[in-house]
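Undergrad: target_31.cif is reproduced in full below (mmCIF, C-alpha atoms, pLDDT in the B column; chains and numbers go by the auth columns).
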data_final
#
loop_
_atom_site.group_PDB
_atom_site.id
_atom_site.type_symbol
_atom_site.label_atom_id
_atom_site.label_comp_id
_atom_site.label_asym_id
_atom_site.label_seq_id
_atom_site.Cartn_x
_atom_site.Cartn_y
_atom_site.Cartn_z
_atom_site.B_iso_or_equiv
_atom_site.auth_seq_id
_atom_site.auth_asym_id
ATOM 1 C CA MET A 1 -73.404 -44.903 47.314 64.00 272 A
ATOM 2 C CA ASN A 2 -70.357 -42.686 47.379 80.00 273 A
ATOM 3 C CA TRP A 3 -70.770 -39.249 48.955 89.00 274 A
ATOM 4 C CA SER A 4 -67.232 -38.096 48.189 92.00 275 A
ATOM 5 C CA TYR A 5 -68.357 -36.355 44.991 92.00 276 A
ATOM 6 C CA LEU A 6 -70.703 -33.988 46.836 93.00 277 A
ATOM 7 C CA ILE A 7 -68.258 -33.360 49.674 94.00 278 A
ATOM 8 C CA LYS A 8 -65.315 -32.611 47.349 95.00 279 A
ATOM 9 C CA HIS A 9 -67.566 -30.450 45.176 95.00 280 A
ATOM 10 C CA TRP A 10 -68.917 -28.503 48.141 94.00 281 A
ATOM 11 C CA PHE A 11 -65.577 -27.753 49.768 95.00 282 A
ATOM 12 C CA SER A 12 -63.818 -26.960 46.491 96.00 283 A
ATOM 13 C CA THR A 13 -66.526 -24.455 45.666 95.00 284 A
ATOM 14 C CA LEU A 14 -66.363 -22.903 49.131 94.00 285 A
ATOM 15 C CA LEU A 15 -62.577 -22.581 49.029 93.00 286 A
ATOM 16 C CA ILE A 16 -62.031 -21.338 45.460 94.00 287 A
ATOM 17 C CA ALA A 17 -65.114 -19.209 44.693 92.00 288 A
ATOM 18 C CA PRO A 18 -64.207 -16.284 47.025 90.00 289 A
ATOM 19 C CA ILE A 19 -60.867 -15.927 45.231 88.00 290 A
ATOM 20 C CA LEU A 20 -62.539 -15.983 41.805 90.00 291 A
ATOM 21 C CA SER A 21 -65.149 -13.526 43.063 86.00 292 A
ATOM 22 C CA ASP A 22 -62.440 -11.081 44.102 83.00 293 A
ATOM 23 C CA ILE A 23 -60.765 -11.375 40.699 85.00 294 A
ATOM 24 C CA LEU A 24 -64.051 -10.820 38.828 83.00 295 A
ATOM 25 C CA THR A 25 -64.985 -7.884 41.057 80.00 296 A
ATOM 26 C CA TYR A 26 -61.564 -6.300 40.580 76.00 297 A
ATOM 27 C CA TYR A 27 -61.611 -6.552 36.786 78.00 298 A
ATOM 28 C CA TYR A 28 -65.275 -5.888 36.032 75.00 299 A
ATOM 29 C CA THR A 29 -66.311 -3.213 38.535 71.00 300 A
ATOM 30 C CA ASP A 30 -65.115 0.132 39.794 71.00 301 A
ATOM 31 C CA ILE A 31 -63.955 -1.430 43.053 67.00 302 A
ATOM 32 C CA GLU A 32 -60.180 -1.085 43.181 66.00 303 A
ATOM 33 C CA THR A 33 -59.612 -3.568 46.005 65.00 304 A
ATOM 34 C CA LEU A 34 -58.430 -6.987 44.907 66.00 305 A
ATOM 35 C CA PHE A 35 -58.847 -8.676 48.285 66.00 306 A
ATOM 36 C CA ASN A 36 -62.454 -8.028 49.227 66.00 307 A
ATOM 37 C CA LEU A 37 -63.664 -11.500 50.252 66.00 308 A
ATOM 38 C CA THR A 38 -60.230 -13.041 50.680 67.00 309 A
ATOM 39 C CA SER A 39 -59.209 -10.448 53.270 74.00 310 A
ATOM 40 C CA VAL A 40 -61.671 -12.174 55.597 83.00 311 A
ATOM 41 C CA TYR A 41 -61.239 -15.565 53.940 84.00 312 A
ATOM 42 C CA PRO A 42 -61.911 -17.829 56.966 87.00 313 A
ATOM 43 C CA ILE A 43 -65.091 -15.916 57.786 89.00 314 A
ATOM 44 C CA THR A 44 -66.160 -16.027 54.127 87.00 315 A
ATOM 45 C CA VAL A 45 -65.693 -19.800 54.029 89.00 316 A
ATOM 46 C CA ILE A 46 -67.569 -20.324 57.313 91.00 317 A
ATOM 47 C CA PHE A 47 -70.497 -18.142 56.204 91.00 318 A
ATOM 48 C CA GLY A 48 -70.464 -19.885 52.820 91.00 319 A
ATOM 49 C CA LEU A 49 -70.654 -23.225 54.585 93.00 320 A
ATOM 50 C CA PHE A 50 -73.787 -22.218 56.482 93.00 321 A
ATOM 51 C CA PHE A 51 -75.446 -20.350 53.603 93.00 322 A
ATOM 52 C CA SER A 52 -74.885 -23.255 51.202 93.00 323 A
ATOM 53 C CA LEU A 53 -76.129 -25.898 53.620 95.00 324 A
ATOM 54 C CA PRO A 54 -79.775 -25.842 52.402 94.00 325 A
ATOM 55 C CA THR A 55 -78.643 -26.198 48.784 94.00 326 A
ATOM 56 C CA TYR A 56 -76.355 -29.112 49.585 95.00 327 A
ATOM 57 C CA ILE A 57 -79.041 -30.832 51.642 95.00 328 A
ATOM 58 C CA ILE A 58 -81.278 -30.680 48.566 95.00 329 A
ATOM 59 C CA LEU A 59 -78.386 -31.904 46.400 95.00 330 A
ATOM 60 C CA GLY A 60 -77.772 -34.781 48.814 95.00 331 A
ATOM 61 C CA ILE A 61 -81.419 -35.828 48.736 96.00 332 A
ATOM 62 C CA THR A 62 -81.469 -35.555 44.936 95.00 333 A
ATOM 63 C CA TYR A 63 -78.249 -37.545 44.639 94.00 334 A
ATOM 64 C CA TYR A 64 -79.613 -40.216 46.978 94.00 335 A
ATOM 65 C CA ILE A 65 -82.874 -40.560 45.031 95.00 336 A
ATOM 66 C CA LEU A 66 -81.146 -40.669 41.647 93.00 337 A
ATOM 67 C CA ASP A 67 -78.621 -43.201 42.927 90.00 338 A
ATOM 68 C CA LYS A 68 -81.337 -45.443 44.383 92.00 339 A
ATOM 69 C CA LYS A 69 -83.187 -45.364 41.082 94.00 340 A
ATOM 70 C CA GLY A 70 -80.033 -46.628 39.354 90.00 341 A
ATOM 71 C CA ILE A 71 -79.521 -43.545 37.193 90.00 342 A
ATOM 72 C CA LYS A 72 -76.128 -43.472 35.459 90.00 343 A
ATOM 73 C CA PRO A 73 -73.564 -40.998 36.830 87.00 344 A
ATOM 74 C CA LEU A 74 -73.428 -39.474 33.346 89.00 345 A
ATOM 75 C CA TYR A 75 -76.994 -38.236 33.894 93.00 346 A
ATOM 76 C CA ILE A 76 -76.687 -37.507 37.605 92.00 347 A
ATOM 77 C CA LYS A 77 -73.994 -34.855 37.130 93.00 348 A
ATOM 78 C CA PRO A 78 -75.984 -32.398 34.975 95.00 349 A
ATOM 79 C CA ILE A 79 -78.982 -32.709 37.279 95.00 350 A
ATOM 80 C CA ILE A 80 -76.882 -32.073 40.382 95.00 351 A
ATOM 81 C CA LEU A 81 -75.037 -29.161 38.753 96.00 352 A
ATOM 82 C CA SER A 82 -78.300 -27.599 37.559 96.00 353 A
ATOM 83 C CA PHE A 83 -79.817 -27.791 41.037 96.00 354 A
ATOM 84 C CA CYS A 84 -76.579 -26.453 42.525 96.00 355 A
ATOM 85 C CA THR A 85 -76.518 -23.434 40.210 96.00 356 A
ATOM 86 C CA ILE A 86 -80.177 -22.704 40.875 95.00 357 A
ATOM 87 C CA GLY A 87 -79.520 -23.055 44.621 95.00 358 A
ATOM 88 C CA ILE A 88 -76.600 -20.611 44.435 94.00 359 A
ATOM 89 C CA ILE A 89 -78.696 -18.044 42.568 93.00 360 A
ATOM 90 C CA ILE A 90 -81.630 -18.380 44.988 93.00 361 A
ATOM 91 C CA SER A 91 -79.369 -18.250 48.064 91.00 362 A
ATOM 92 C CA PHE A 92 -77.621 -15.076 46.930 90.00 363 A
ATOM 93 C CA TYR A 93 -80.919 -13.507 45.937 91.00 364 A
ATOM 94 C CA LEU A 94 -82.436 -14.222 49.364 90.00 365 A
ATOM 95 C CA ILE A 95 -79.361 -13.201 51.346 87.00 366 A
ATOM 96 C CA PHE A 96 -78.045 -10.233 49.344 83.00 367 A
ATOM 97 C CA ASN A 97 -81.146 -9.256 47.337 82.00 368 A
ATOM 98 C CA ASN A 98 -79.305 -9.917 44.053 69.00 369 A
ATOM 99 C CA ARG A 99 -76.683 -7.176 44.546 72.00 370 A
ATOM 100 C CA GLU A 100 -73.706 -9.515 44.191 75.00 371 A
ATOM 101 C CA GLU A 101 -73.764 -10.542 40.528 84.00 372 A
ATOM 102 C CA ASN A 102 -70.006 -11.157 40.318 84.00 373 A
ATOM 103 C CA THR A 103 -70.095 -13.305 43.428 88.00 374 A
ATOM 104 C CA VAL A 104 -73.028 -15.344 42.084 92.00 375 A
ATOM 105 C CA LEU A 105 -71.143 -15.805 38.825 93.00 376 A
ATOM 106 C CA ALA A 106 -67.965 -16.827 40.649 93.00 377 A
ATOM 107 C CA TYR A 107 -69.705 -19.394 42.837 94.00 378 A
ATOM 108 C CA SER A 108 -71.698 -20.770 39.896 95.00 379 A
ATOM 109 C CA LEU A 109 -68.670 -21.076 37.614 96.00 380 A
ATOM 110 C CA THR A 110 -66.615 -22.683 40.372 97.00 381 A
ATOM 111 C CA ALA A 111 -69.385 -25.149 41.197 96.00 382 A
ATOM 112 C CA ILE A 112 -69.818 -26.113 37.545 96.00 383 A
ATOM 113 C CA PHE A 113 -66.059 -26.407 36.993 97.00 384 A
ATOM 114 C CA PHE A 114 -65.417 -28.696 39.963 96.00 385 A
ATOM 115 C CA GLY A 115 -68.646 -30.571 39.360 94.00 386 A
ATOM 116 C CA MET A 116 -67.444 -31.454 35.874 95.00 387 A
ATOM 117 C CA ILE A 117 -63.922 -32.412 36.997 95.00 388 A
ATOM 118 C CA TYR A 118 -64.784 -34.739 39.867 93.00 389 A
ATOM 119 C CA LYS A 119 -66.066 -38.185 39.046 91.00 390 A
ATOM 120 C CA ILE A 120 -69.143 -39.756 40.570 88.00 391 A
ATOM 121 C CA GLU A 121 -68.194 -43.208 41.730 78.00 392 A
ATOM 122 C CA ASN A 122 -70.430 -45.957 40.426 65.00 393 A
ATOM 123 C CA ASN A 123 -72.609 -47.724 42.901 57.00 394 A
ATOM 124 C CA ASP A 124 -73.432 -51.436 42.754 54.00 395 A
ATOM 125 C CA LYS A 125 -76.496 -50.892 40.555 48.00 396 A
ATOM 126 C CA ASN A 126 -74.635 -48.787 38.002 46.00 397 A
ATOM 127 C CA LYS A 127 -71.461 -50.871 37.653 48.00 398 A
ATOM 128 C CA ASN A 128 -72.919 -53.120 34.976 43.00 399 A
ATOM 129 C CA LYS A 129 -74.473 -50.293 32.936 44.00 400 A
#
Hey, can you dump this file as structure tokens for me?

TA:
Amino acid sequence: MNWSYLIKHWFSTLLIAPILSDILTYYYTDIETLFNLTSVYPITVIFGLFFSLPTYIILGITYYILDKKGIKPLYIKPIILSFCTIGIIISFYLIFNNREENTVLAYSLTAIFFGMIYKIENNDKNKNK
């Protein structure tokens, strides 16, 4: 089992989504500040790390179960990305009471983008399939 997919996906999302969120907020709202989240970028990434931890624990458990069952990576990706997007939406709803639509969109789009780009390494069970 190769955990690099989830780790790369998690950190890419945490590092890029605040930048995309600032761009979306700048262009699609009345807020005239381009550097809202990126002005406190290290703090944003650290808080994102802690807030996303429950979602990534669930993703890790899901990935582990699917991998042990011998599911092909082709099918694992959409399941993981669906759970990730749902986890992002639920996390932002619980933390910010759904007031950050552009931020939810930015994190979801970033997670889907990097989730599609990175490859899930085959495990021993899936190599012959």

Undergrad: What are the centre and the three edge lengths of an axis-aligned box that wraps all atoms of range 376-385 of chain A in the file, given that 8 Å is added to every side, written as lines of an AutoDock Vina configuration file and rounded to one decimal in Å?

TA:
center_x = -68.6
center_y = -22.3
center_z = 39.9
size_x = 22.3
size_y = 28.9
size_z = 21.8

Undergrad: Can you turn the PyMOL selection byres ((chain A and resi 374-382) around 7) into a concrete residue list for this file, as a list in words?

TA: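 So the PyMOL selection byres ((chain A and resi 374-382) around 7) ends up selecting His280, Thr284, Ile287, Ala288, Leu291, Ser292, Thr356, Ile359, Ile360, Phe363, Glu371, Glu372, Asn373, Ile383, Phe384, Phe385 and Gly386 of chain A.
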
Undergrad: Can those selected residues be exported to a file as a compact mmCIF listing (two decimals), in the coordinates of the input so that it contains C-alpha atoms?

TA:
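Produced file again.txt, reproduced below:
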# COMPACT_ATOMS: atom_id res chain seq x y z
CA HIS A 280 -67.57 -30.45 45.18
CA THR A 284 -66.53 -24.46 45.67
CA ILE A 287 -62.03 -21.34 45.46
CA ALA A 288 -65.11 -19.21 44.69
CA LEU A 291 -62.54 -15.98 41.80
CA SER A 292 -65.15 -13.53 43.06
CA THR A 356 -76.52 -23.43 40.21
CA ILE A 359 -76.60 -20.61 44.44
CA ILE A 360 -78.70 -18.04 42.57
CA PHE A 363 -77.62 -15.08 46.93
CA GLU A 371 -73.71 -9.52 44.19
CA GLU A 372 -73.76 -10.54 40.53
CA ASN A 373 -70.01 -11.16 40.32
CA ILE A 383 -69.82 -26.11 37.54
CA PHE A 384 -66.06 -26.41 36.99
CA PHE A 385 -65.42 -28.70 39.96
CA GLY A 386 -68.65 -30.57 39.36

Undergrad: State, in Å with one decimal place, the distance from CA of Met387 in chain A to CA of Leu365 in chain A.

TA: 26.5 Å

Undergrad: Counting only C-alpha atoms, figure out which residue out of A:Ile332, A:Leu352, A:Tyr297, A:Phe322 gets nearest to Phe367 in chain A.

TA: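 So, comparing all the options, the nearest one is A:Phe322.
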
Undergrad: Please, what distance in Å, to one decimal, runs between CA of Leu277 in chain A and CA of Tyr364 in chain A?

TA: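 Distance reported for this atom pair: 22.9 Å.
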
Undergrad: Could you give me, as an MDAnalysis selection string, the residues within 10 Å of Val316 in chain A, counting all atoms listed in the file and dropping anything in the same chain fewer than 2 positions from it?

TA: chainID A and resid 282 284:289 308:309 311:314 318:322

Undergrad: Could you list, as a PyMOL selection string, every residue matched by the PyMOL selection byres ((chain A and resi 347) around 12) in this structure?

TA: chain A and resi 276-277+330-331+333-346+348-354+386-387+390-393+397

Undergrad: What is the distance between CA of Trp274 in chain A and CA of Ile317 in chain A, in Å to one decimal?

TA: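 So the two atoms, CA of Trp274 in chain A and CA of Ile317 in chain A, lie 20.9 Å apart.
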
Undergrad: Given the choices A:Tyr327, A:Thr300, A:Ile361, A:Ser310, which gets closest to Ile278 in chain A if the distance is worked out from all atoms listed in the file?

TA: A:Tyr327

Undergrad: I want to know what sits within 9 Å of Gly358 in chain A, based on all atoms listed in the file, with residues of the same chain fewer than 6 positions away left out; could you give that as a PDB file with C-alpha atoms, keeping the file's coordinate frame?

TA:
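Output contents, as saved in selection.pdb:
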ATOM      1  CA  SER A 323     -74.885 -23.255  51.202  1.00 93.00           C
ATOM      2  CA  PRO A 325     -79.775 -25.842  52.402  1.00 94.00           C
ATOM      3  CA  THR A 326     -78.643 -26.198  48.784  1.00 94.00           C
ATOM      4  CA  TYR A 327     -76.355 -29.112  49.585  1.00 95.00           C
ATOM      5  CA  ILE A 329     -81.278 -30.680  48.566  1.00 95.00           C
TER       6      ILE A 329
END
